[in-house]
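Asks: Take a look at the following structure, please.
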Amino acid sequence: MGDINSKGITQNTFDAIVIGSGISGGWAAKELCEKGLKTLVLERGRNVQHLVDYPTMAKDPWDFPHRNHLTLNMKEDNPIVSKCYAFREDAMQFFVKDKEHPYIQEKPFDWIRGYQVGGKSLIWARQTQRWSKYDFEGPARDGFAVDWPIRYDDIAPWYSHVEKFVGISGNKDGLDTLPDGEFLPPWEMNVVEKAVQKRIMDNYKDRNVIIGRCAHLTEAKEIHLQQERGKCQARNLCQRGCPFGGYFSSNSSTLPWAAKTGNFTVQPDSVVHSIIYDEKKNRATGVRVIDAHSKKVTEYYAKIIFVNAAALNTNLILLNSISTRFPNGLGNDNGLLGKYVAFQNYRGTLSANMDGFLDSYYYGRRPCAVMMPNFRNVHKQETDFLRGYMVFFSAYRSAGHAGATQMGEAFKEAQSEPGNWGVSMMMQGETIPKETNYVSLSKDKKDDWGMPLLTISVDYDDNDEKSLKDFLSQGAEMLDKAGCKNITTNDSKQAPGLDIHEVGGVRMGKDPKTSLLNKWNQLHACPNVFVTDGACMTSTGTQNPSITFMALTARAANHAVEEMKKGNL
Amino acid sequence: MAILLGGAIVSTDVFFSSCKSNVKEEYFAPEDISLLDEIGETIIPATASSPGAKAAKIGDFMKVYVTDCYNAADQQTFFAAVREIKNLSQKKFEKDFMKLTVPQRQEVLAELEMEKHSKVESKSKAPGAEGDAIQTGKQQEANKTSLNAVSNRYFSMLKQLTLLGYFTSEPGATKAMRYIQTPGSYKGNVPYTKGDKAWAT
């Protein structure tokens with residue numbers, strides 16, 4: 001199997017291979033290339049070049065045949081991905097077609113994917129928060145997972161490192177539950193949000209309401225101008241790709257930066273089949289790649305391999321990397337590969353009205369909401385459920401106020417004006433990783449590239465139900481105290497997956513008997529393979545995870561190069 | 001085939017399954033589009049400051065939207081609503097809707113709204129009006145009232161379609177509301193005076 005031509009071997013040999021060009025793969029590429037490593041990035045999807053390949057970025061609502069609503073055909077062709085809020089006429093081209101990428105749902109799981117250069121960094125929601133010490137200490141304190149092999153202090157300098165390059169907007173709030181970062185100016189709250197903030201914080205001394213933190217350039221610093229990115233223009237059309245590079249994506253930021261070093265090669269349309277393990281050398285030596293179109297198999301070789309295919313695909317690749325040494329998947333001596341997959345609980349939402357404030361409006365479309373860091377079980381276990389949830393809310397003026405008539409001039413006038421204020425609130429709940437939530441490979445079903453289909457068996461548990469219930473009652477109580485009326489609660493009952501924050505399966509830990517990766521994200525049993533995307537997460541936290549993936553990646557890449565210099569890799 | 005002006009919907013070769021569309025764009029003849037334009041214009045007329053639904057080509061919009069985005073049940077409701085408008089025009093004024101004066105047309109639609117099947121609560125949110133929610137789209141999803149779910153009643157459905165098609169059209173968004181593709185910045189508190197237009201997106 002593969003290309004045995006020796007010239008081909010030279011041509012196909014790099015210092016490093018990165019599997020995946022998304023939000024964490026792009027960072028691996030940037031760091032490794034900057035440090036002088038000839039790096040090959042393998043991307044299964046098509047090329048998407050910044051600006052050039054953003055066909056909808058300058059369109060107006062009337063440019064879309066269905067005004068950006070979904071058609072029945074879109075839903076029928078894509079029953080899973082069409083559930084995603086960002087899957088619309090303006091951004092559908094950056095999502096997979098469900099029919100082309102089947103998987104097996106042992107339990108309902110909406111697996112949302114974007115396969116192209118840049119991956120989901122084109123379409124992500126751009127919200128970013130640092131983990132706190134409480135999040136890293138959580139498993140050890142409460143015993144619901146193995147201990148993280150790192151603590152906040154290990155990653156703090158790397159958060160700083162990535163935040164400066166990415167460009168993170170936020171306010172320095174001084175909270176130990178959500179550490180401050182290297183911030184560009186924060187976005188403003190509107191008057192109702194400020195009122196709600198004040199009333200909540202007056203009523204609850206241990207709860208904080210702060211402006212959201214997000215990967216948007218509220219100010220373009222020198223480093224961003226060097227990336228040829230500019231100030232965010234408050235369009236909130238990010239999933240189309242941004243003409244200003246105002247938000248962070250691999251396409252606008254890390255990949256072009258890697259290319260500038262002269263050490264970077266990206267190969268789209270390259271489906272990674274497995275990692276090659278050399279039994280004599282006791283190390284991984286390369287990667288088998290299936291050309292997405294011709295299905296031809298080619299091998300590429302490198303000293304180190306970063307696996308950044310996105311959480312569940314990373315699991316798939318490792319499980320599919322079979323050898324005599326590793327009959328159950330690369331690094332899988334303990335049988336835990338694919339297990340302890342978790343996600344974040346998005347089921348609860350609330351909505352309400354707020355009277356008054358009619359002499360105020362906002363200008364522009366802010367790309368973040370207001371948030372409340374988790375306030376449950378922070379210092380000790382206190383409730384009938386483990387861990388907690390982040391709260392996001394925003395206030396807005398609905399379009400149209402109730403006029404006297406239902407048609408005609410007066411009706412049109414009324415509908416053309418903003419109406420009363422509404423408040424919308426949602427949760428982002430931590431879930432507990434369990435051995436019984438896992439992914440595995442189908443024994444007989446394969447996809448178009450001959451890869452085994454992924455079987456996903458992940459479900460909510462009683463802890464999630466209690467956490468949800470607590471959020472809904474606390475949310476209602478807080479909105480009530482804030483002066484809101486007509487408060488309604490909702491449980492979307494959505495399947496796991498639609499949060500698009502699935503993590504785990506290749507968890508970090510101190511002990512090779514109970515984890516797959518060490519404190520540097522190296523496979524315990526195969527240290528020249530690094531996993532720094534969501535698959536590495538030992539617990540889920542309540543934060544939006546991507547900035548943590550980026551920080552872990554930069555830290556691991558740095559370690560990898562240091563180890564190579566010492567001759568250890 | 002002018003499905004709206006013709007008689008009953010051809011039901012022999014059209015199977016009303018719950019998820020599928022049973023309508024093709026060619027079912028809408030030019031006369032049908034004109035009628036829909038006038039219905040839309042009655043709901044959202046031209047005023048001194050901005051064009052109405054007809055200038056926004058609301059009939060064409062409805063054709064596309066009903067064909068592609070409505071399931072069979074909602075399509076049935078839509079065509080029934082239009083048939084009912086024609087019936088009421090004849091019943092009240094013994095004339096085609098197209099030949100009625102504006103006040104007469106309003107009377108016909110007002111009566112449609114009063115009819116039992118029209119009594120439904122609907123949230124009138126123009127798309128994109130939720131503005132600042134962050135995971136903005138995710139919160140929109142939480143709040144969104146899909147046309148299919150709510151407006152399964154005659155006048156309410158036509159009204160919702162007209163609102164959607166009008167306020168996302170160029171004349172509607174740019175003349176009746178304020179539309180700025182690239183705002184440049186976000187300000188949390190700008191003074192609002194009664195009569196100021198809403199942001200279109």
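Going by the structure tokens order, chains are called A, B, ..., each with residues numbered from 1, while ligands are numbered from 1 in the order shown.
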Extract the full set of strand (DSSP E) residues from region 3-208 of chain A according to DSSP on the backbone, and format it as a VMD selection string.

Replies: chain A and resid 16 to 19 39 to 42 104 to 105 168 to 169 183 to 184

Asks: Select from chain A every residue with an atom at most 8 Å from any atom of chain B, then for each give the shortest pair of atoms and their distance in Å to one decimal, using only C-alpha atoms, rows by chain and rising number, as a tab-separated table.

Replies:
```
residue	atom	partner	partner_atom	distance
A:Asp60	CA	B:Gln181	CA	7.2
A:Pro61	CA	B:Thr168	CA	5.6
A:Trp62	CA	B:Ser169	CA	5.1
A:Pro65	CA	B:Val64	CA	7.6
A:His66	CA	B:Tyr65	CA	6.3
A:Arg67	CA	B:Thr168	CA	6.6
A:His69	CA	B:Cys69	CA	7.9
A:Leu70	CA	B:Cys69	CA	6.6
A:Thr71	CA	B:Cys69	CA	4.3
A:Leu72	CA	B:Cys69	CA	5.2
A:Asn73	CA	B:Asp68	CA	7.4
A:Tyr85	CA	B:Gly137	CA	5.3
A:Ala86	CA	B:Gly137	CA	6.4
A:Ala125	CA	B:Gln135	CA	5.7
A:Gln127	CA	B:Gln135	CA	7.7
A:Trp187	CA	B:Tyr186	CA	7.3
A:Glu188	CA	B:Gly188	CA	5.3
A:Met189	CA	B:Gly188	CA	5.3
A:Asn190	CA	B:Gly188	CA	4.1
A:Val191	CA	B:Asn189	CA	6.2
A:Cys232	CA	B:Gly184	CA	7.2
A:Gln233	CA	B:Gly184	CA	4.0
A:Ala234	CA	B:Ser185	CA	5.2
A:Arg235	CA	B:Thr182	CA	5.5
A:Thr349	CA	B:Ala142	CA	6.9
A:Ser351	CA	B:Asn143	CA	7.5
A:Leu358	CA	B:Tyr192	CA	7.0
A:Asp359	CA	B:Tyr192	CA	4.6
A:Ser360	CA	B:Tyr192	CA	4.8
A:Tyr361	CA	B:Val190	CA	5.2
A:Tyr362	CA	B:Gly188	CA	4.8
A:Tyr363	CA	B:Lys187	CA	5.0
A:Gly364	CA	B:Tyr186	CA	4.4
A:Arg365	CA	B:Asp132	CA	5.7
A:Arg366	CA	B:Asp132	CA	5.1
A:Pro367	CA	B:Ile134	CA	5.7
A:Cys368	CA	B:Ile134	CA	4.1
A:Ala369	CA	B:Ile134	CA	4.5
A:Phe392	CA	B:Ile134	CA	7.9
A:Phe393	CA	B:Ala133	CA	6.9
A:Ser394	CA	B:Ala133	CA	5.2
A:Ala395	CA	B:Asp132	CA	7.2
A:Tyr396	CA	B:Glu130	CA	5.7
A:Arg397	CA	B:Glu130	CA	7.0
A:Ser398	CA	B:Ala129	CA	5.8
A:Ala399	CA	B:Lys125	CA	5.5
A:Gly400	CA	B:Ser124	CA	7.0
A:Gln406	CA	B:Ile43	CA	7.5
A:Met407	CA	B:Ile43	CA	4.3
A:Gly408	CA	B:Ile43	CA	5.1
A:Glu409	CA	B:Pro45	CA	6.2
A:Phe411	CA	B:Ile44	CA	7.4
A:Lys412	CA	B:Ile44	CA	5.6
A:Ser416	CA	B:Met177	CA	5.5
A:Glu417	CA	B:Ala198	CA	4.6
A:Pro418	CA	B:Ala198	CA	4.8
A:Ser424	CA	B:Gln139	CA	6.8
A:Met425	CA	B:Gln139	CA	7.5
A:Met426	CA	B:Gln139	CA	7.3
```

Asks: Give me the residues within 7 Å of Ala29 (chain A) as a list in words, counting only C-alpha atoms and dropping any in the same chain fewer than 6 places off.

Replies: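 Residues near the query, excluding close chain neighbours: Val18, Thr39, Val41 and Ala258 of chain A.
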
Asks: Restrict the selected residues to C-alpha atoms and save them as a PDB file, in the first residue's frame.

Replies:
```
ATOM      1  CA  VAL A  18      -0.557  18.121  10.753  1.00  0.00           C
ATOM      2  CA  THR A  39       5.252  21.053   7.712  1.00  0.00           C
ATOM      3  CA  VAL A  41      -0.982  20.043   6.522  1.00  0.00           C
ATOM      4  CA  ALA A 258       2.484  29.711   8.136  1.00  0.00           C
TER       5      ALA A 258
END
```

Asks: Work out how far apart CA of Trp257 (chain A) and CA of Gln227 (chain A) are and give it in Å to one decimal.

Replies: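 About the pair CA of Trp257 (chain A) and CA of Gln227 (chain A): they are 6.8 Å apart.
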
Asks: How far is it from CA of Asp147 (chain A) to CA of Lys339 (chain A), in Å with one decimal?

Replies: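 One can read the CA of Asp147 (chain A) to CA of Lys339 (chain A) distance as 15.8 Å.
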
Asks: Could you check which of A:Ile200, A:Ala145, A:Ala554, A:Ala476 is closest to Gly348 (chain A), using only C-alpha atoms?

Replies: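 Of A:Ile200, A:Ala145, A:Ala554, A:Ala476, the one nearest Gly348 (chain A), counting only C-alpha atoms, is A:Ala476.
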
Asks: Can you tell me, as a list in words, what residues are no more than 9 Å from Phe97 (chain B) when counting only C-alpha atoms, ignoring any on the same chain fewer than 2 positions away?

Replies: Leu35, Glu38, Ile39, Ile85, Lys86, Leu88, Ser89, Gln90, Phe93, Lys95, Lys99, Leu100, Thr101, Gln104, Arg105 and Val108 of chain B

Asks: Produce a file of the selected residues containing C-alpha atoms, as a PDB file, in the first residue's frame.

Replies:
```pdb
ATOM      1  CA  LEU B  35     -53.107  38.937  -7.598  1.00  0.00           C
ATOM      2  CA  GLU B  38     -52.154  43.271  -4.949  1.00  0.00           C
ATOM      3  CA  ILE B  39     -52.861  41.250  -1.835  1.00  0.00           C
ATOM      4  CA  ILE B  85     -60.002  35.973  -0.834  1.00  0.00           C
ATOM      5  CA  LYS B  86     -61.450  35.492  -4.299  1.00  0.00           C
ATOM      6  CA  LEU B  88     -65.035  36.921  -0.411  1.00  0.00           C
ATOM      7  CA  SER B  89     -64.472  39.487  -3.188  1.00  0.00           C
ATOM      8  CA  GLN B  90     -67.307  37.973  -5.156  1.00  0.00           C
ATOM      9  CA  PHE B  93     -68.714  43.075  -4.082  1.00  0.00           C
ATOM     10  CA  LYS B  95     -66.190  41.596  -8.481  1.00  0.00           C
ATOM     11  CA  LYS B  99     -61.177  45.216  -9.711  1.00  0.00           C
ATOM     12  CA  LEU B 100     -61.828  46.353  -6.131  1.00  0.00           C
ATOM     13  CA  THR B 101     -60.850  49.702  -4.686  1.00  0.00           C
ATOM     14  CA  GLN B 104     -62.816  47.333  -0.590  1.00  0.00           C
ATOM     15  CA  ARG B 105     -59.729  45.169  -0.695  1.00  0.00           C
ATOM     16  CA  VAL B 108     -62.068  41.634   2.110  1.00  0.00           C
TER      17      VAL B 108
END
```

Asks: List the neighbours of Ser515 (chain A) out to 12 Å using only C-alpha atoms; skip same-chain residues closer than 3 positions along the sequence, and give me the result as a ChimeraX atom specification.

Replies: /A:145-149,331-340,435,504-512,518-519,521-525,535-538
